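Here's the structure, in structure tokens; my notes come after.
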Amino acid sequence: DTRDMANPPPSEKEQASVAVLFDRVQANETTKSYFVDRCAETDRHLLRFLRAKDGDEEEAFQKIIRWCDWYTKEKVHLPRPDLCLAELQSGCTLYMCKDNDGRPVALVRPALHFPPSHPKGFPRSSTEWCTISSACRMIELMEDGVETMSFVVDLKDFSLKNKDDGILKDLAAMWAKYFPCRIHHVYLINAPMLVGGLWKIIKPLMAQRWVQIFQFLKKPTDLRAYIPQNDLPLQYGGPIVADFNQWIESHTKFVLEGKPINIHKFCRRGQGEEVPTCTLENLEHEASSAAEWTDDEN
């Protein structure tokens with residue numbers, strides 16, 4: 001078993017609690033159709049809810065009920081291009097590759113949440129559905145033993161003009177409610193000084209397990225410690241000179257249609273294009289440039 005050590009094997013007490021939870025979800029009309037068979041996958045699913053509630057069986061059970069009710073009413077398994085197509089095509093979020101331990105990794109670029117077509121940012125419903133649909137597709141990519149995913153958040157061009165506290169709070173609440181214990185790490189790169197001030201305000205309000213998820217990297221090339229270098233774009237320390245238009249188009253099909261995505265297919269040099277030397281030098285410079293701020297206390 002190559003279990004994801006971000007979610008280690010259950011203790012004896014947790015095993016007993018999971019057994020109790022399974023009996024309860026089987027006896028409940030809202031939840032029984034989602035947990036038909038007692039198997040390893042079901043146990044791990046219930047365990048994530050249990051751990052999200054620090055072992056409290058009753059709170060975990062109520063959380064499971066809310067999850068099943070949400071999944072049914074919102075039809076989470078169905079894509080919603082009517083809600084999120086424009087945001088998908090902005091390139092705010094792009095599936096990248098798998099990390100060194102086989103976890104799916106997505107690239108997030110918050111500054112693109114405010115394109116000229118949406119100067120006040122995309123609607124909440126759009127961002128939520130982009131996030132939900134992307135997360136569901138990434139879960140589908142998880143092989144046996146892998147339960148979590150990671151994100152690379154590129155804070156380049158992030159500023160007060162494109163800071164949306166409301167959507168950050170909404171997304172954090174959504175992940176905690178409906179995707180418990182699914183995030184391994186969030187790697188933040190190119191953080192401006194602004195982020196330092198925000199982090200000092202937010203950090204004391206967060207549970208320690210959430211604080212540990214966020215890793216501020218000094219420079220993009222530090223991603224090589226977590227993600228295979230060969231799968232990284234040049235500006236993040238890898239060899240790929242990505243055609244972002246192709247990447248965005250493929251990610252859109254990945255989210256809406258479930259079509260496989262391979263970042264190497266978007267490499268401009270791999271397609272025979274002669275990329276100007278100045279472009280390559282600029283991307284390499286970005287990869288090695290230090291962030292304005294990192295959390296030295298973390």
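Residue numbers start at 1 in each chain; chains themselves are named A, B, ... in the order of the structure tokens; ligands are numbered from 1 in the order shown.
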
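Excluding Arg44 (chain A) itself and any same-chain residue fewer than 5 positions from it, the protein and nucleic acid residues within 9 Å of it, counting only C-alpha atoms, are Asn7, Pro9, Pro10, Val18, Cys39, Phe49 and Glu147 of chain A.
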
Serialized selection, N, CA, C and O atoms, as a compact mmCIF listing (two decimals), in the first residue's frame:
```
# COMPACT_ATOMS: atom_id res chain seq x y z
N ASN A 7 -2.14 11.87 4.74
CA ASN A 7 -3.25 11.30 5.50
C ASN A 7 -2.80 9.91 5.97
O ASN A 7 -3.08 8.92 5.31
N PRO A 9 -2.18 6.25 8.00
CA PRO A 9 -3.13 5.19 8.36
C PRO A 9 -3.85 5.49 9.67
O PRO A 9 -3.30 6.17 10.54
N PRO A 10 -5.07 5.00 9.82
CA PRO A 10 -5.85 5.30 11.03
C PRO A 10 -5.33 4.57 12.26
O PRO A 10 -4.79 3.47 12.17
N VAL A 18 -14.58 4.95 12.54
CA VAL A 18 -14.98 4.80 11.14
C VAL A 18 -16.04 3.71 11.01
O VAL A 18 -17.01 3.85 10.24
N CYS A 39 -15.50 -0.76 2.18
CA CYS A 39 -14.24 -1.10 1.54
C CYS A 39 -13.19 -0.08 1.97
O CYS A 39 -13.49 0.88 2.68
N PHE A 49 -13.38 12.87 6.88
CA PHE A 49 -14.37 13.67 7.59
C PHE A 49 -14.15 13.61 9.10
O PHE A 49 -14.30 14.61 9.80
N GLU A 147 -4.37 10.45 -1.81
CA GLU A 147 -5.63 11.04 -1.37
C GLU A 147 -5.64 12.56 -1.43
O GLU A 147 -6.68 13.18 -1.23
```

Hey, what's within 9 Å of region 242-252 of chain A if we count only C-alpha atoms and toss same-chain stuff fewer than 6 positions away? As a list in words, please? Leu85, Leu88, Gln89, Ser90, Gly91, Thr93, Leu94, Tyr95, Ser134, Pro233, Leu234, Lys259, Pro260, Ile261, Asn262, Ile263, His264, Lys265, Phe266, Cys267, Arg268 and Arg269 of chain A

Take the selection from the previous step and output its residues with N, CA, C and O atoms, as a CSV table (one decimal), in the first residue's frame.
```csv
chain,number,residue,atom,x,y,z
A,85,LEU,N,-17.2,28.8,-17.9
A,85,LEU,CA,-16.4,28.7,-19.1
A,85,LEU,C,-15.4,29.9,-19.2
A,85,LEU,O,-14.2,29.8,-19.5
A,88,LEU,N,-12.5,29.6,-16.8
A,88,LEU,CA,-11.6,28.5,-17.2
A,88,LEU,C,-10.7,29.0,-18.3
A,88,LEU,O,-9.5,28.8,-18.4
A,89,GLN,N,-11.3,29.8,-19.3
A,89,GLN,CA,-10.5,30.3,-20.4
A,89,GLN,C,-9.6,31.5,-20.1
A,89,GLN,O,-8.8,31.9,-20.9
A,90,SER,N,-9.7,32.0,-18.8
A,90,SER,CA,-8.8,33.0,-18.4
A,90,SER,C,-7.4,32.5,-18.0
A,90,SER,O,-6.4,33.2,-18.0
A,91,GLY,N,-7.4,31.2,-17.7
A,91,GLY,CA,-6.1,30.6,-17.2
A,91,GLY,C,-5.8,30.8,-15.8
A,91,GLY,O,-4.7,30.6,-15.4
A,93,THR,N,-6.6,29.0,-13.3
A,93,THR,CA,-6.2,27.7,-12.8
A,93,THR,C,-5.9,26.8,-13.9
A,93,THR,O,-6.7,26.7,-14.9
A,94,LEU,N,-4.7,26.0,-13.8
A,94,LEU,CA,-4.3,25.1,-14.8
A,94,LEU,C,-3.8,23.8,-14.2
A,94,LEU,O,-2.9,23.9,-13.3
A,95,TYR,N,-4.3,22.7,-14.6
A,95,TYR,CA,-3.7,21.5,-14.1
A,95,TYR,C,-2.2,21.4,-14.7
A,95,TYR,O,-2.0,21.6,-15.9
A,134,SER,N,-12.5,21.5,-11.0
A,134,SER,CA,-11.0,21.2,-11.1
A,134,SER,C,-10.6,20.2,-10.1
A,134,SER,O,-9.9,19.2,-10.3
A,233,PRO,N,7.3,24.3,-16.1
A,233,PRO,CA,7.6,25.4,-17.1
A,233,PRO,C,8.9,26.1,-16.7
A,233,PRO,O,9.4,26.1,-15.6
A,234,LEU,N,9.5,26.7,-17.7
A,234,LEU,CA,10.8,27.3,-17.6
A,234,LEU,C,10.8,28.4,-16.5
A,234,LEU,O,11.8,28.5,-15.7
A,259,LYS,N,-11.0,15.1,-20.5
A,259,LYS,CA,-9.9,14.7,-21.4
A,259,LYS,C,-8.6,14.8,-20.8
A,259,LYS,O,-8.3,15.8,-20.1
A,260,PRO,N,-7.7,13.8,-21.0
A,260,PRO,CA,-6.4,13.9,-20.3
A,260,PRO,C,-5.6,15.1,-20.7
A,260,PRO,O,-5.8,15.7,-21.8
A,261,ILE,N,-4.7,15.5,-19.9
A,261,ILE,CA,-3.9,16.7,-20.1
A,261,ILE,C,-2.4,16.4,-19.9
A,261,ILE,O,-2.1,15.7,-18.9
A,262,ASN,N,-1.5,16.8,-20.8
A,262,ASN,CA,-0.1,16.6,-20.6
A,262,ASN,C,0.6,17.9,-21.0
A,262,ASN,O,0.6,18.3,-22.1
A,263,ILE,N,1.3,18.5,-20.0
A,263,ILE,CA,1.9,19.8,-20.2
A,263,ILE,C,3.0,19.7,-21.2
A,263,ILE,O,3.3,20.7,-21.9
A,264,HIS,N,3.6,18.6,-21.4
A,264,HIS,CA,4.7,18.5,-22.4
A,264,HIS,C,4.2,18.8,-23.8
A,264,HIS,O,5.0,19.2,-24.7
A,265,LYS,N,2.9,18.5,-24.1
A,265,LYS,CA,2.4,18.8,-25.4
A,265,LYS,C,2.3,20.2,-25.8
A,265,LYS,O,2.1,20.6,-26.9
A,266,PHE,N,2.4,21.1,-24.7
A,266,PHE,CA,2.3,22.6,-25.0
A,266,PHE,C,3.6,23.2,-25.0
A,266,PHE,O,3.7,24.5,-25.0
A,267,CYS,N,4.7,22.4,-25.1
A,267,CYS,CA,6.1,23.0,-25.1
A,267,CYS,C,6.4,23.6,-26.5
A,267,CYS,O,6.3,22.8,-27.5
A,268,ARG,N,6.6,24.8,-26.6
A,268,ARG,CA,6.8,25.5,-27.9
A,268,ARG,C,8.1,24.9,-28.6
A,268,ARG,O,8.1,24.7,-29.8
A,269,ARG,N,9.1,24.7,-27.8
A,269,ARG,CA,10.3,24.1,-28.4
A,269,ARG,C,10.1,22.7,-28.9
A,269,ARG,O,10.6,22.2,-29.9
```

Considering only C-alpha atoms, tabulate each residue of region 203-290 of chain A that lies at most 12 Å from region 51-74 of chain A along with its nearest interatomic pair and the corresponding distance in Å to one decimal; arrange the rows by chain and ascending residue number and present them as CSV.
```
residue,atom,partner,partner_atom,distance
A:Ala207,CA,A:Ala52,CA,11.0
A:Arg209,CA,A:Ala52,CA,9.8
A:Trp210,CA,A:Ala52,CA,10.9
```

*asked:* According to DSSP computed on the backbone, where in region 217-279 of chain A is there helix (DSSP H, G or I)? Give the residues as a ChimeraX atom specification.
replied: /A:220-225,229-231,234-236,244-257,263-266,277-279

- request: Find the spatial neighbours of region 118-125 of chain A, counting only C-alpha atoms, within a cut-off of 7 Å - ignore same-chain residues fewer than 6 positions away - and output them as number ranges by chain.
  value: A: 83, 87, 167

Written selection (N, CA and C atoms) as a PDB file, in the first residue's frame:
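Here's the written file again28.pdb:
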```
ATOM      1  N   LEU A  83     -21.638  28.348 -16.170  1.00  0.00           N
ATOM      2  CA  LEU A  83     -21.199  29.129 -15.029  1.00  0.00           C
ATOM      3  C   LEU A  83     -19.719  29.489 -15.068  1.00  0.00           C
ATOM      4  N   GLU A  87     -14.162  31.857 -16.963  1.00  0.00           N
ATOM      5  CA  GLU A  87     -13.061  31.822 -15.995  1.00  0.00           C
ATOM      6  C   GLU A  87     -12.059  30.724 -16.328  1.00  0.00           C
ATOM      7  N   ILE A 167     -13.741  36.151  -1.750  1.00  0.00           N
ATOM      8  CA  ILE A 167     -13.654  34.868  -2.448  1.00  0.00           C
ATOM      9  C   ILE A 167     -12.659  33.952  -1.760  1.00  0.00           C
TER      10      ILE A 167
END
```
